[in-house]
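K.L.:
See input.csv below, with CSV, C-alpha atoms and all ligand atoms.
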chain,number,residue,atom,x,y,z
A,682,MET,CA,0.0,0.0,0.0
A,683,LYS,CA,1.4,3.4,-1.0
A,684,ILE,CA,0.8,6.1,1.7
A,685,LEU,CA,1.5,9.7,1.0
A,686,ILE,CA,2.3,11.9,4.0
A,687,ILE,CA,1.6,15.6,3.8
A,688,ASN,CA,2.9,18.1,6.3
A,689,CYS,CA,1.5,21.5,5.4
A,690,GLY,CA,3.0,24.7,6.8
A,691,SER,CA,1.7,28.2,6.1
A,692,SER,CA,3.9,28.6,3.0
A,693,SER,CA,5.2,25.1,2.4
A,694,ILE,CA,4.3,21.4,1.8
A,695,LYS,CA,6.7,18.7,2.9
A,696,TYR,CA,5.8,15.3,1.6
A,697,LYS,CA,7.0,11.7,1.8
A,698,LEU,CA,5.6,8.7,-0.1
A,699,TYR,CA,6.0,5.3,1.7
A,700,PHE,CA,5.3,1.7,0.8
A,701,PHE,CA,3.7,-0.3,3.6
A,702,PRO,CA,3.7,-2.6,5.5
A,703,LYS,CA,7.5,-2.4,5.1
A,704,GLY,CA,7.6,1.3,5.6
A,705,HIS,CA,10.0,1.9,2.7
A,706,LEU,CA,10.5,5.5,1.6
A,707,ILE,CA,9.7,5.8,-2.1
A,708,ASP,CA,9.9,9.6,-2.6
A,709,LYS,CA,10.1,12.8,-0.7
A,710,GLY,CA,10.1,16.5,-1.4
A,711,LEU,CA,9.3,20.1,-0.4
A,712,ILE,CA,7.2,22.7,-2.1
A,713,GLU,CA,8.2,26.1,-0.8
A,714,ARG,CA,7.2,29.8,-1.0
A,715,ILE,CA,3.5,29.1,-1.5
A,716,GLY,CA,1.6,32.3,-1.9
A,717,GLU,CA,4.8,34.4,-1.7
A,718,LYS,CA,5.6,37.3,-4.1
A,719,ASN,CA,7.0,36.0,-7.5
A,720,SER,CA,6.3,32.4,-6.6
A,721,SER,CA,4.7,30.3,-9.3
A,722,ILE,CA,2.6,28.5,-6.7
A,723,SER,CA,0.0,30.8,-5.1
A,724,THR,CA,-2.3,28.3,-3.2
A,725,HIS,CA,-2.0,25.0,-1.3
A,726,THR,CA,-4.2,23.4,-4.0
A,727,GLN,CA,-1.6,24.3,-6.6
A,728,GLY,CA,1.1,23.1,-4.2
A,729,VAL,CA,-0.6,19.7,-3.8
A,730,LYS,CA,-1.0,19.4,-7.6
A,731,LYS,CA,2.8,20.0,-7.9
A,732,VAL,CA,3.4,17.2,-5.3
A,733,PHE,CA,1.4,14.8,-7.5
A,734,GLU,CA,3.2,16.0,-10.6
A,735,ASN,CA,6.5,15.4,-9.0
A,736,LEU,CA,5.5,11.9,-7.9
A,737,ILE,CA,4.5,11.0,-11.5
A,738,LYS,CA,7.6,12.7,-13.0
A,739,ASN,CA,9.9,10.7,-10.6
A,740,ARG,CA,8.0,7.6,-11.6
A,741,SER,CA,7.2,7.0,-7.9
A,742,VAL,CA,3.6,6.3,-9.0
A,743,THR,CA,2.4,5.6,-12.6
A,744,SER,CA,-1.1,6.6,-11.7
A,745,LEU,CA,-2.4,8.7,-8.7
A,746,LYS,CA,-4.8,5.9,-8.0
A,747,GLU,CA,-1.8,4.0,-6.6
A,748,ILE,CA,-2.0,6.4,-3.6
A,749,GLU,CA,-4.4,4.6,-1.4
A,750,VAL,CA,-4.1,6.8,1.7
A,751,ILE,CA,-3.0,10.3,2.5
A,752,GLY,CA,-1.9,10.9,6.1
A,753,HIS,CA,-1.8,14.6,7.2
A,754,ARG,CA,0.1,16.0,10.1
A,755,VAL,CA,-2.3,18.2,12.1
A,756,VAL,CA,-0.7,20.3,14.8
A,757,HIS,CA,-3.7,20.6,17.3
A,758,GLY,CA,-6.3,18.0,18.0
A,759,ALA,CA,-7.4,19.6,21.3
A,760,GLU,CA,-9.3,17.2,23.5
A,761,THR,CA,-11.4,16.1,20.6
A,762,PHE,CA,-8.8,14.0,18.8
A,763,ARG,CA,-6.9,11.6,21.1
A,764,GLU,CA,-5.8,9.4,18.2
A,765,PRO,CA,-5.5,9.4,14.4
A,766,HIS,CA,-8.8,9.8,12.6
A,767,PHE,CA,-10.2,9.2,9.1
A,768,ILE,CA,-11.1,12.6,7.6
A,769,ASN,CA,-14.7,13.3,6.6
A,770,LYS,CA,-17.0,16.4,6.6
A,771,GLU,CA,-17.7,16.0,10.4
A,772,VAL,CA,-14.0,15.7,11.2
A,773,ILE,CA,-13.2,18.8,9.1
A,774,ARG,CA,-15.9,20.7,11.0
A,775,LYS,CA,-14.3,19.6,14.3
A,776,LEU,CA,-10.8,20.5,13.0
A,777,GLU,CA,-12.1,24.0,12.2
A,778,GLU,CA,-13.2,24.3,15.8
A,779,CYS,CA,-9.7,23.2,17.0
A,780,THR,CA,-8.2,26.0,14.8
A,781,LYS,CA,-9.2,28.5,17.6
A,782,LEU,CA,-6.5,26.9,19.7
A,783,ALA,CA,-3.8,26.8,17.0
A,784,PRO,CA,-4.5,29.8,14.7
A,785,LEU,CA,-0.9,29.7,13.4
A,786,HIS,CA,-0.7,26.0,12.5
A,787,ASN,CA,-4.1,24.3,12.0
A,788,PRO,CA,-5.3,26.5,9.1
A,789,ALA,CA,-2.4,25.4,6.9
A,790,ASN,CA,-3.0,21.7,7.8
A,791,LEU,CA,-6.7,22.2,6.9
A,792,GLU,CA,-5.7,23.8,3.6
A,793,GLY,CA,-3.7,20.7,2.8
A,794,ILE,CA,-6.6,18.4,3.6
A,795,LYS,CA,-9.0,20.4,1.5
A,796,ALA,CA,-6.5,20.7,-1.4
A,797,CYS,CA,-6.0,16.9,-1.5
A,798,SER,CA,-9.8,16.3,-1.5
A,799,LYS,CA,-10.1,18.6,-4.5
A,800,VAL,CA,-7.2,17.2,-6.5
A,801,LEU,CA,-7.6,13.5,-5.7
A,802,LYS,CA,-11.4,13.2,-5.1
A,803,GLY,CA,-12.5,10.4,-2.8
A,804,VAL,CA,-9.0,9.5,-1.6
A,805,CYS,CA,-8.9,8.1,1.9
A,806,GLN,CA,-7.4,10.8,4.2
A,807,ILE,CA,-6.2,10.5,7.8
A,808,ALA,CA,-5.3,13.2,10.3
A,809,VAL,CA,-2.5,12.5,12.8
A,810,PHE,CA,-2.2,15.0,15.6
A,811,ASP,CA,0.9,16.4,17.3
A,812,THR,CA,-1.1,16.7,20.5
A,813,ALA,CA,-2.5,13.1,20.5
A,814,PHE,CA,0.4,11.3,22.1
A,815,HIS,CA,0.2,13.7,25.1
A,816,GLN,CA,-3.5,13.0,25.8
A,817,THR,CA,-2.4,10.5,28.4
A,818,ILE,CA,-1.0,13.3,30.6
A,819,PRO,CA,-2.9,13.3,33.9
A,820,GLU,CA,-5.1,16.2,34.9
A,821,TYR,CA,-2.8,17.4,37.7
A,822,ALA,CA,-0.1,17.8,35.1
A,823,TYR,CA,-2.1,19.4,32.3
A,824,MET,CA,-4.1,21.9,34.3
A,825,TYR,CA,-2.8,25.5,34.9
A,826,ALA,CA,-3.4,26.9,38.3
A,827,ILE,CA,-5.7,29.6,37.1
A,828,PRO,CA,-9.5,29.8,37.7
A,829,VAL,CA,-11.1,26.6,36.3
A,830,LYS,CA,-13.6,28.7,34.3
A,831,TYR,CA,-10.9,29.3,31.7
A,832,TYR,CA,-10.5,25.6,31.2
A,833,LYS,CA,-14.2,25.2,31.1
A,834,ASN,CA,-14.9,28.2,28.8
A,835,TYR,CA,-11.9,28.2,26.5
A,836,LYS,CA,-10.2,24.8,27.0
A,837,ILE,CA,-7.1,26.4,28.3
A,838,ARG,CA,-4.8,23.7,29.6
A,839,ARG,CA,-1.5,22.1,28.6
A,840,TYR,CA,-1.6,20.0,25.4
A,841,GLY,CA,2.0,19.4,24.4
A,842,PHE,CA,3.3,19.1,20.9
A,843,HIS,CA,5.9,17.2,18.8
A,844,GLY,CA,3.9,14.1,19.7
A,845,SER,CA,4.7,12.1,16.6
A,846,SER,CA,8.4,12.7,17.1
A,847,HIS,CA,8.4,11.7,20.8
A,848,GLN,CA,6.4,8.7,19.9
A,849,PHE,CA,8.7,7.7,17.1
A,850,VAL,CA,11.8,8.1,19.3
A,851,ALA,CA,10.2,6.1,22.1
A,852,LYS,CA,9.4,3.3,19.6
A,853,ARG,CA,12.9,3.2,18.3
A,854,ALA,CA,14.3,3.3,21.9
A,855,SER,CA,12.3,0.2,22.7
A,856,GLU,CA,13.7,-1.6,19.6
A,857,ILE,CA,17.3,-0.5,20.6
A,858,LEU,CA,16.8,-1.6,24.2
A,859,LYS,CA,15.0,-4.8,23.1
A,860,LYS,CA,12.3,-4.2,25.7
A,861,PRO,CA,8.5,-3.7,25.1
A,862,LEU,CA,7.6,0.0,25.1
A,863,ASN,CA,5.0,-0.6,27.8
A,864,LYS,CA,7.8,-1.7,30.2
A,865,LEU,CA,10.0,1.4,29.6
A,866,ASN,CA,10.4,4.7,31.3
A,867,LEU,CA,12.0,7.3,28.9
A,868,ILE,CA,12.8,10.9,28.7
A,869,THR,CA,12.7,12.0,25.1
A,870,CYS,CA,14.3,15.4,24.2
A,871,HIS,CA,13.3,16.9,20.8
A,872,LEU,CA,15.8,19.7,20.3
A,873,GLY,CA,15.4,21.5,17.0
A,874,ASN,CA,14.4,25.0,16.3
A,875,GLY,CA,11.4,24.2,18.4
A,876,CYS,CA,12.3,22.2,21.6
A,877,SER,CA,10.4,19.9,23.9
A,878,ILE,CA,11.0,17.2,26.4
A,879,THR,CA,8.6,14.4,27.3
A,880,ALA,CA,8.4,12.1,30.3
A,881,ILE,CA,7.2,8.7,29.2
A,882,LYS,CA,6.1,6.2,31.8
A,883,LYS,CA,5.5,2.6,30.6
A,884,GLY,CA,5.3,3.9,27.0
A,885,ARG,CA,2.8,6.7,27.7
A,886,SER,CA,3.4,10.4,27.9
A,887,VAL,CA,2.8,11.6,31.4
A,888,ASP,CA,4.3,15.1,31.1
A,889,THR,CA,5.8,17.3,28.4
A,890,SER,CA,7.4,20.7,28.4
A,891,MET,CA,5.2,22.5,25.8
A,892,GLY,CA,1.8,23.6,27.0
A,893,PHE,CA,-1.3,25.4,25.7
A,894,THR,CA,0.9,26.5,22.8
A,895,PRO,CA,4.5,25.4,21.7
A,896,LEU,CA,5.8,28.5,23.6
A,897,GLU,CA,6.1,26.9,27.1
A,898,GLY,CA,9.0,24.9,28.4
A,899,LEU,CA,12.6,24.9,27.1
A,900,MET,CA,14.4,27.9,25.6
A,901,MET,CA,14.2,27.5,21.8
A,902,GLY,CA,15.5,29.1,18.6
A,903,THR,CA,13.2,32.1,18.8
A,904,ARG,CA,10.8,31.2,21.6
A,905,CYS,CA,11.3,32.2,25.2
A,906,GLY,CA,10.0,29.0,26.9
A,907,ASP,CA,9.0,29.2,30.6
A,908,ILE,CA,8.7,32.8,31.9
A,909,ASP,CA,7.0,34.5,34.8
A,910,CYS,CA,3.7,35.7,33.2
A,911,ALA,CA,4.0,39.0,35.1
A,912,VAL,CA,7.1,39.8,33.0
A,913,VAL,CA,4.9,39.7,29.9
A,914,LEU,CA,2.3,42.0,31.4
A,915,TYR,CA,5.0,44.4,32.6
A,916,ILE,CA,6.6,44.7,29.2
A,917,MET,CA,3.3,45.1,27.5
A,918,GLU,CA,2.5,48.0,29.8
A,919,LYS,CA,5.9,49.6,29.5
A,920,GLU,CA,6.1,49.4,25.8
A,921,LYS,CA,2.4,49.7,25.0
A,922,LEU,CA,2.4,46.4,23.1
A,923,THR,CA,-0.7,44.8,21.7
A,924,PRO,CA,-1.3,41.1,22.4
A,925,GLY,CA,-0.1,40.4,18.8
A,926,GLN,CA,3.1,42.4,19.3
A,927,ALA,CA,3.8,40.7,22.6
A,928,ASP,CA,3.2,37.3,20.9
A,929,MET,CA,5.8,38.3,18.3
A,930,VAL,CA,8.4,39.2,20.9
A,931,LEU,CA,7.9,35.9,22.8
A,932,ASN,CA,7.6,33.6,19.8
A,933,LYS,CA,9.9,35.2,17.2
A,934,LYS,CA,12.4,37.4,18.9
A,935,SER,CA,13.3,35.5,22.1
A,936,GLY,CA,15.2,32.3,22.8
A,937,LEU,CA,18.7,31.8,21.4
A,938,LEU,CA,18.1,34.7,19.1
A,939,GLY,CA,16.9,37.1,21.8
A,940,ILE,CA,19.8,36.4,24.1
A,941,SER,CA,22.6,36.0,21.6
A,942,GLY,CA,21.4,38.9,19.4
A,943,VAL,CA,22.9,37.1,16.4
A,944,SER,CA,20.9,34.0,15.4
A,945,ASN,CA,18.4,31.3,16.4
A,946,ASP,CA,20.8,28.7,14.8
A,947,LEU,CA,23.0,26.9,17.2
A,948,ARG,CA,25.7,26.5,14.5
A,949,VAL,CA,26.0,30.3,14.2
A,950,ILE,CA,26.0,30.7,18.0
A,951,LYS,CA,28.8,28.2,18.4
A,952,ASN,CA,30.8,30.1,15.7
A,953,GLN,CA,30.2,33.3,17.7
A,954,ILE,CA,31.4,31.7,20.9
A,955,ARG,CA,34.6,30.7,19.2
A,956,LYS,CA,35.0,34.4,18.3
A,957,GLY,CA,34.5,35.3,22.0
A,958,ASN,CA,30.9,36.6,21.8
A,959,LYS,CA,29.8,36.6,25.5
A,960,ARG,CA,26.1,36.8,24.7
A,961,ALA,CA,26.3,33.8,22.5
A,962,GLN,CA,28.0,31.9,25.3
A,963,LEU,CA,25.2,33.0,27.7
A,964,ALA,CA,22.6,31.8,25.2
A,965,LEU,CA,24.2,28.4,25.1
A,966,GLU,CA,24.5,28.1,28.8
A,967,MET,CA,20.9,29.1,29.4
A,968,PHE,CA,19.8,26.6,26.7
A,969,ILE,CA,21.7,23.7,28.3
A,970,TYR,CA,20.7,24.6,31.8
A,971,ARG,CA,16.9,24.5,30.9
A,972,ILE,CA,17.3,21.1,29.2
A,973,GLU,CA,19.1,19.7,32.3
A,974,LYS,CA,16.6,21.2,34.6
A,975,TYR,CA,13.7,19.5,32.8
A,976,ILE,CA,15.5,16.2,32.5
A,977,GLY,CA,16.1,16.3,36.3
A,978,SER,CA,12.5,17.0,37.1
A,979,TYR,CA,11.2,14.3,34.7
A,980,TRP,CA,13.8,11.9,36.1
A,981,PHE,CA,12.3,12.5,39.5
A,982,ILE,CA,8.6,12.2,38.5
A,983,LEU,CA,9.3,9.0,36.6
A,984,GLY,CA,11.4,7.6,39.5
A,985,GLY,CA,14.3,7.0,37.0
A,986,ALA,CA,14.4,6.2,33.4
A,987,ASP,CA,15.7,3.3,31.2
A,988,ALA,CA,17.0,5.8,28.6
A,989,ILE,CA,17.3,9.5,27.9
A,990,CYS,CA,17.0,10.1,24.2
A,991,PHE,CA,18.0,13.1,22.0
A,992,THR,CA,16.6,13.9,18.6
A,993,ALA,CA,15.9,16.6,16.0
A,994,GLY,CA,18.4,19.2,14.4
A,995,ILE,CA,20.4,19.9,17.6
A,996,GLY,CA,19.8,16.5,19.3
A,997,GLU,CA,21.1,14.6,16.3
A,998,ASN,CA,23.8,16.9,15.0
A,999,SER,CA,25.2,19.1,17.7
A,1000,VAL,CA,27.6,16.5,19.0
A,1001,GLU,CA,29.5,19.0,21.3
A,1002,THR,CA,26.2,20.2,23.0
A,1003,ILE,CA,24.9,16.7,23.5
A,1004,ASP,CA,28.3,15.5,24.8
A,1005,ARG,CA,28.3,18.3,27.3
A,1006,ILE,CA,24.8,17.5,28.5
A,1007,LYS,CA,25.7,13.7,28.7
A,1008,LYS,CA,28.7,14.6,30.8
A,1009,ASP,CA,26.6,16.6,33.2
A,1010,LEU,CA,24.0,13.9,33.4
A,1011,ARG,CA,26.5,11.2,34.0
A,1012,LYS,CA,27.5,12.9,37.3
A,1013,VAL,CA,24.1,12.0,38.7
A,1014,ILE,CA,22.4,9.4,36.5
A,1015,PRO,CA,23.5,5.8,36.9
A,1016,GLY,CA,25.4,4.0,34.1
A,1017,LYS,CA,22.5,1.5,33.5
A,1018,THR,CA,20.4,4.4,32.1
A,1019,ARG,CA,21.3,4.6,28.4
A,1020,ILE,CA,21.8,8.0,26.7
A,1021,LEU,CA,20.8,7.6,23.1
A,1022,VAL,CA,20.8,9.8,20.0
A,1023,ILE,CA,17.9,8.7,17.8
A,1024,PRO,CA,17.2,10.4,14.5
A,1025,THR,CA,13.5,11.3,14.4
A,1026,ASP,CA,11.1,10.6,11.5
A,1027,GLU,CA,7.8,12.2,12.2
A,1028,GLU,CA,6.5,11.4,8.7
A,1029,LEU,CA,7.3,7.7,9.1
A,1030,MET,CA,5.4,7.7,12.4
A,1031,ILE,CA,2.4,9.4,10.8
A,1032,ALA,CA,2.5,6.9,8.0
A,1033,ALA,CA,2.7,3.9,10.4
A,1034,LEU,CA,-0.2,5.3,12.5
A,1035,SER,CA,-2.2,5.8,9.3
A,1036,TYR,CA,-1.4,2.3,8.1
A,1037,ASN,CA,-2.4,0.8,11.4
A,1038,LEU,CA,-5.7,2.7,11.4
A,1039,VAL,CA,-6.6,1.5,7.9
A,1040,ARG,CA,-5.5,-2.0,8.7
A,1041,ASP,CA,-7.4,-2.2,12.0
A,1042,SER,CA,-10.6,-0.6,10.6
A,1043,LYS,CA,-10.7,-2.9,7.6
A,1044,GLY,CA,-9.5,-6.3,7.6
A,1045,LYS,CA,-12.3,-5.6,5.1
A,1046,ARG,CA,-10.1,-3.4,2.8
A,1047,LYS,CA,-12.6,-0.7,2.0
A,1048,VAL,CA,-10.0,2.1,1.9
A,1049,ARG,CA,-11.5,4.9,-0.2
A,1050,ASN,CA,-14.3,6.9,1.4
A,1101,LIG,P1,15.1,21.2,13.2
A,1101,LIG,O1,14.0,22.2,13.7
A,1101,LIG,O2,14.9,19.9,13.9
A,1101,LIG,O3,15.2,21.1,11.7
A,1101,LIG,O4,16.5,21.8,13.8
A,1101,LIG,C1,17.0,22.9,13.2
A,1101,LIG,C2,18.1,23.4,14.1
A,1101,LIG,O5,19.1,22.4,14.3
A,1101,LIG,C3,18.9,24.6,13.5
A,1101,LIG,O6,18.3,25.8,13.8
A,1101,LIG,C4,20.2,24.4,14.3
A,1101,LIG,O7,20.2,25.2,15.4
A,1101,LIG,C5,20.3,23.0,14.6
A,1101,LIG,N1,21.4,22.3,13.9
A,1101,LIG,C6,21.3,21.6,12.8
A,1101,LIG,N2,22.5,21.0,12.5
A,1101,LIG,C7,23.4,21.4,13.5
A,1101,LIG,C8,24.8,21.1,13.8
A,1101,LIG,N3,25.5,20.4,13.0
A,1101,LIG,N4,25.3,21.7,14.9
A,1101,LIG,C9,24.5,22.4,15.7
A,1101,LIG,N5,23.2,22.7,15.5
A,1101,LIG,C10,22.7,22.2,14.4
Rewrite the coordinates I just gave you, this time as C-alpha cells.
Ligand code: AMP
P.N.:
Amino acid sequence: MKILIINCGSSSIKYKLYFFPKGHLIDKGLIERIGEKNSSISTHTQGVKKVFENLIKNRSVTSLKEIEVIGHRVVHGAETFREPHFINKEVIRKLEECTKLAPLHNPANLEGIKACSKVLKGVCQIAVFDTAFHQTIPEYAYMYAIPVKYYKNYKIRRYGFHGSSHQFVAKRASEILKKPLNKLNLITCHLGNGCSITAIKKGRSVDTSMGFTPLEGLMMGTRCGDIDCAVVLYIMEKEKLTPGQADMVLNKKSGLLGISGVSNDLRVIKNQIRKGNKRAQLALEMFIYRIEKYIGSYWFILGGADAICFTAGIGENSVETIDRIKKDLRKVIPGKTRILVIPTDEELMIAALSYNLVRDSKGKRKVRN
C-alpha cells in the first residue's frame, strides 16, 4: 500500500511517499514559498498538484490511483482527537473548531486536507495529531493553576506538541533496548528550532514541556519558553504592546536569538562563541541549563528512566552540545540508564499510524471513502 504523508506549513508542503507494511520510503520533497511574491505557486491546491506532478515525474507512481491513503500532520487536535482519525466532513468541521486553539498552524493543515480532497477526489485521508500522544498526561499535570472557568470556557490547559516525534523516538528506543515500550520509562528530548522534552512512563506520555501552545518549556531558537507571566504584562504595559506584538516578541524574537542577538541557529551561535561573543556563550549556557533542569524533574517524577533520548536538528547533529549534557547527566544518573541519540522521523510515524488505522478498521479493505 502506498501512503503519502503531507505536512503543510503556512507557505510550504513537505511530503513523503511510503510503501507499507515495510515502511519503505519511495519519494520525498518540499514545495516552498506558497503564496509568496514572485512564486509560481499561489495556493496550497496548486502546491498539492505540484506534489502529485513530482510523484509522476519521478515515476514513484504511474497513476495517482496508486496512492491509497494520504496521512496529514495536524498540529492541534485539542481534547477532541486523542488518536488518528479518518477525515470526513464532520471531522473537518471539528478540526475547524480546533483552529481557535492553534491559529498559526491548523489553518495550513486544513488547507492541505481540502486541497488533497479537491485534487484527488474520494481518496482516503487520515489526520494524525501532534497533540494526541500527550493526551495520556494526567489532569494534575495538564491543568494550569488559574481559575477553572478558563479551562471550562476556552479549553485552556497544557496540550503538548511534537507528539509524533516523541512517539517515534520512544518506539525506536524500545527496539534498541530490546524491551517492550509498555515496560519502559523514557525521557525524550526533541531539540530542534522548536524544543520539547517528554516524560514517558511505561510507554505513555505523562508530562511534556510544551503547554497550551508550543511556547512553554525549554528555551528554543526564537521562543522564550518558561517565563514569569508577570514579565509579559509588565513589558506590554511599559512598551504599550498589543497582544499580537507581545506574541511576536515571545515567539519570534526571544530564545537563542533574543539572548545572543545574532541568530536562532546553534551553529552560528557556536561560531560566535569561538570568536569570543559573550552573549552567544550565555545563550548556550541558558539553553543547556533548561534542558538539564527539565531532565532532572522528569527523572524524579518517573522515578528514574531506562533511557534519555536526544533527537531533531540539535539533538542529532550538535555533538558537542549533547556530549556536554551527557557529561553533566552522568555525574548523577547511573550508568545503566542509556543515553541515546535517535534520528526522528515524524512522517514515518504518521505513515505507520495511518497504516495501522486503515489495517485495523478494515480487515475488510474498503480504503477509499
Ligand atoms: P530542526 O528544527 O529539527 O530542523 O532543527 C534545526 C536546528 O538544528 C537549527 O536551527 C540548528 O540550530 C540545529 N542544527 C542543525 N545542524 C546542526 C549542527 N551540525 N550543529 C549544531 N546545530 C545544528
K.L.:
Which polymer residues have any atom within 9 Å of an atom of Lys933 (chain A), counting all atoms listed in the file, with same-chain residues fewer than 6 positions away left out, as a list in words?
P.N.:
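The filter keeps Gly902, Thr903, Arg904, Cys905 and Gly939 of chain A.
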K.L.:
Could the residues in this selection be saved with C-alpha atoms as a PDB file, in the frame of the given file?
P.N.:
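Writing done, so here's result_3.pdb:
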ATOM      1  CA  GLY A 902      15.500  29.100  18.600  1.00  0.00           C
ATOM      2  CA  THR A 903      13.200  32.100  18.800  1.00  0.00           C
ATOM      3  CA  ARG A 904      10.800  31.200  21.600  1.00  0.00           C
ATOM      4  CA  CYS A 905      11.300  32.200  25.200  1.00  0.00           C
ATOM      5  CA  GLY A 939      16.900  37.100  21.800  1.00  0.00           C
TER       6      GLY A 939
END
K.L.:
Smallest atom-to-atom distance to ligand LIG 1101 (chain A): which of A:Ala927, A:Val1013, A:Leu872, A:Ala986, using only C-alpha atoms and all ligand atoms?
P.N.:
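Checking each of A:Ala927, A:Val1013, A:Leu872, A:Ala986 against ligand LIG 1101 (chain A), counting only C-alpha atoms and all ligand atoms, the winner is A:Leu872.
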K.L.:
Please measure the separation of CA of Thr1018 (chain A) and CA of Pro861 (chain A), giving the value in Å to one decimal.
P.N.:
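These atoms are spaced 16.0 Å apart.
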K.L.:
Please identify all protein, DNA and RNA residues within 9 Å of ligand LIG 1101 (chain A), counting all atoms listed in the file, and report them as a list in words.
P.N.:
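Protein and nucleic-acid residues within 9 Å of ligand LIG 1101 (chain A): His871, Leu872, Gly873, Asn874, Gly875, Cys876, Gly902, Ser944, Asn945, Asp946, Leu947, Arg948, Val949, Ile950, Lys951, Thr992, Ala993, Gly994, Ile995, Gly996, Glu997, Asn998, Ser999, Val1000, Glu1001, Thr1002 and Thr1025 of chain A.
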K.L.:
Take the point (0.5, 19.9, 22.2) as written in the file and pick out every residue within 12 Å of it, counting all atoms listed in the file; give the list as number ranges by chain.
P.N.:
A: 755-760, 762-763, 779, 782-783, 786, 810-818, 823, 837-847, 877-879, 886, 888-898
K.L.:
Grab all the atoms of region 911-919 of chain A that the file lists, wrap them in a box along x, y and z, add 4 Å per side, and give me centre plus edge lengths in Å (one decimal) as lines of an AutoDock Vina configuration file.
P.N.:
center_x = 4.7
center_y = 44.3
center_z = 31.3
size_x = 12.8
size_y = 18.6
size_z = 15.6
K.L.:
In terms of the shortest atom-to-atom distance over all atoms listed in the file, which of A:Cys689, A:Leu698, A:Ile707, A:Leu1038 is closest to Leu785 (chain A)?
P.N.:
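The shortest atom-to-atom distance to Leu785 (chain A) comes from A:Cys689.
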K.L.:
Neighbours of Cys990 (chain A) within 8 Å (all atoms listed in the file; same-chain residues fewer than 4 positions away dropped), as a list in words?
P.N.:
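Within the cut-off, the hits are Val850, Ala854, Leu867, Ile868, Thr869, Cys870, Ile1020, Leu1021, Val1022 and Ile1023 of chain A.
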K.L.:
Save the residues we just selected, C-alpha atoms, as a PDB file, in the frame of the given file?
P.N.:
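File written: part_10.pdb
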ATOM      1  CA  VAL A 850      11.800   8.100  19.300  1.00  0.00           C
ATOM      2  CA  ALA A 854      14.300   3.300  21.900  1.00  0.00           C
ATOM      3  CA  LEU A 867      12.000   7.300  28.900  1.00  0.00           C
ATOM      4  CA  ILE A 868      12.800  10.900  28.700  1.00  0.00           C
ATOM      5  CA  THR A 869      12.700  12.000  25.100  1.00  0.00           C
ATOM      6  CA  CYS A 870      14.300  15.400  24.200  1.00  0.00           C
ATOM      7  CA  ILE A1020      21.800   8.000  26.700  1.00  0.00           C
ATOM      8  CA  LEU A1021      20.800   7.600  23.100  1.00  0.00           C
ATOM      9  CA  VAL A1022      20.800   9.800  20.000  1.00  0.00           C
ATOM     10  CA  ILE A1023      17.900   8.700  17.800  1.00  0.00           C
TER      11      ILE A1023
END
K.L.:
Between CA of Val943 (chain A) and CA of Met929 (chain A), what is the distance, to one decimal in Å?
P.N.:
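It comes out at 17.2 Å.
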K.L.:
With distances taken over all atoms listed in the file, which residue among A:Pro1024, A:Lys746, A:Ser941, A:Val772 lies nearest Gly957 (chain A)?
P.N.:
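Closest to Gly957 (chain A), using all atoms listed in the file: A:Ser941.
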K.L.:
Counting only C-alpha atoms, figure out which residue out of A:Ile773, A:Val800, A:Ile1014, A:Ile686 gets nearest to Asn787 (chain A).
P.N.:
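Answer, going by the shortest atom-to-atom distance: A:Ile773.
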K.L.:
Could you state the separation of CA of Glu1027 (chain A) and CA of His753 (chain A) in Å, given to one decimal place?
P.N.:
11.1 Å
K.L.:
When you look at Ile954 (chain A) with a cut-off of 10 Å (counting all atoms listed in the file), what residues show up, excluding the ones that are within fewer than 6 positions of it in the same chain? I need them as a list in words.
P.N.:
Ser941, Arg960, Ala961, Gln962, Leu963, Ala964 and Leu965 of chain A
K.L.:
Kindly export the residues of the current selection with C-alpha atoms, as a PDB file, in the coordinates of the input.
P.N.:
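Contents of part_36.pdb, as written:
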ATOM      1  CA  SER A 941      22.600  36.000  21.600  1.00  0.00           C
ATOM      2  CA  ARG A 960      26.100  36.800  24.700  1.00  0.00           C
ATOM      3  CA  ALA A 961      26.300  33.800  22.500  1.00  0.00           C
ATOM      4  CA  GLN A 962      28.000  31.900  25.300  1.00  0.00           C
ATOM      5  CA  LEU A 963      25.200  33.000  27.700  1.00  0.00           C
ATOM      6  CA  ALA A 964      22.600  31.800  25.200  1.00  0.00           C
ATOM      7  CA  LEU A 965      24.200  28.400  25.100  1.00  0.00           C
TER       8      LEU A 965
END
K.L.:
With only C-alpha atoms as the atoms that count, which of A:Glu792, A:Asp1041, A:Glu1028, A:Glu973 lies nearest to Arg1011 (chain A)?
P.N.:
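Of A:Glu792, A:Asp1041, A:Glu1028, A:Glu973, the one nearest Arg1011 (chain A), counting only C-alpha atoms, is A:Glu973.
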K.L.:
Show me, as a list in words, the residues that have an atom within 12 Å of Gln727 (chain A) when counting only C-alpha atoms, minus same-chain residues fewer than 6 positions from it.
P.N.:
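Close residues of Gln727 (chain A): Ser692, Ser693, Ile694, Ile712, Glu713, Arg714, Ile715, Gly716, Ser720, Ser721, Phe733, Glu734, Glu792, Gly793, Lys795, Ala796, Cys797, Lys799 and Val800 of chain A.
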K.L.:
At a cut-off of 10 Å, using all atoms listed in the file, what residues contact Pro1015 (chain A)? Leave out same-chain residues fewer than 5 positions from it and give the result as a compact mmCIF listing (two decimals) with C-alpha atoms, keeping the file's coordinate frame.
P.N.:
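Output contents, as saved in selection-v2.txt:
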# COMPACT_ATOMS: atom_id res chain seq x y z
CA GLY A 985 14.30 7.00 37.00
CA ALA A 986 14.40 6.20 33.40
CA ASP A 987 15.70 3.30 31.20
CA LEU A 1010 24.00 13.90 33.40
K.L.:
Nearest to Lys1017 (chain A): which of A:Ile989, A:Leu685, A:Val930, A:Ala1032 is it, counting all atoms listed in the file?
P.N.:
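Of A:Ile989, A:Leu685, A:Val930, A:Ala1032, the one nearest Lys1017 (chain A), counting all atoms listed in the file, is A:Ile989.
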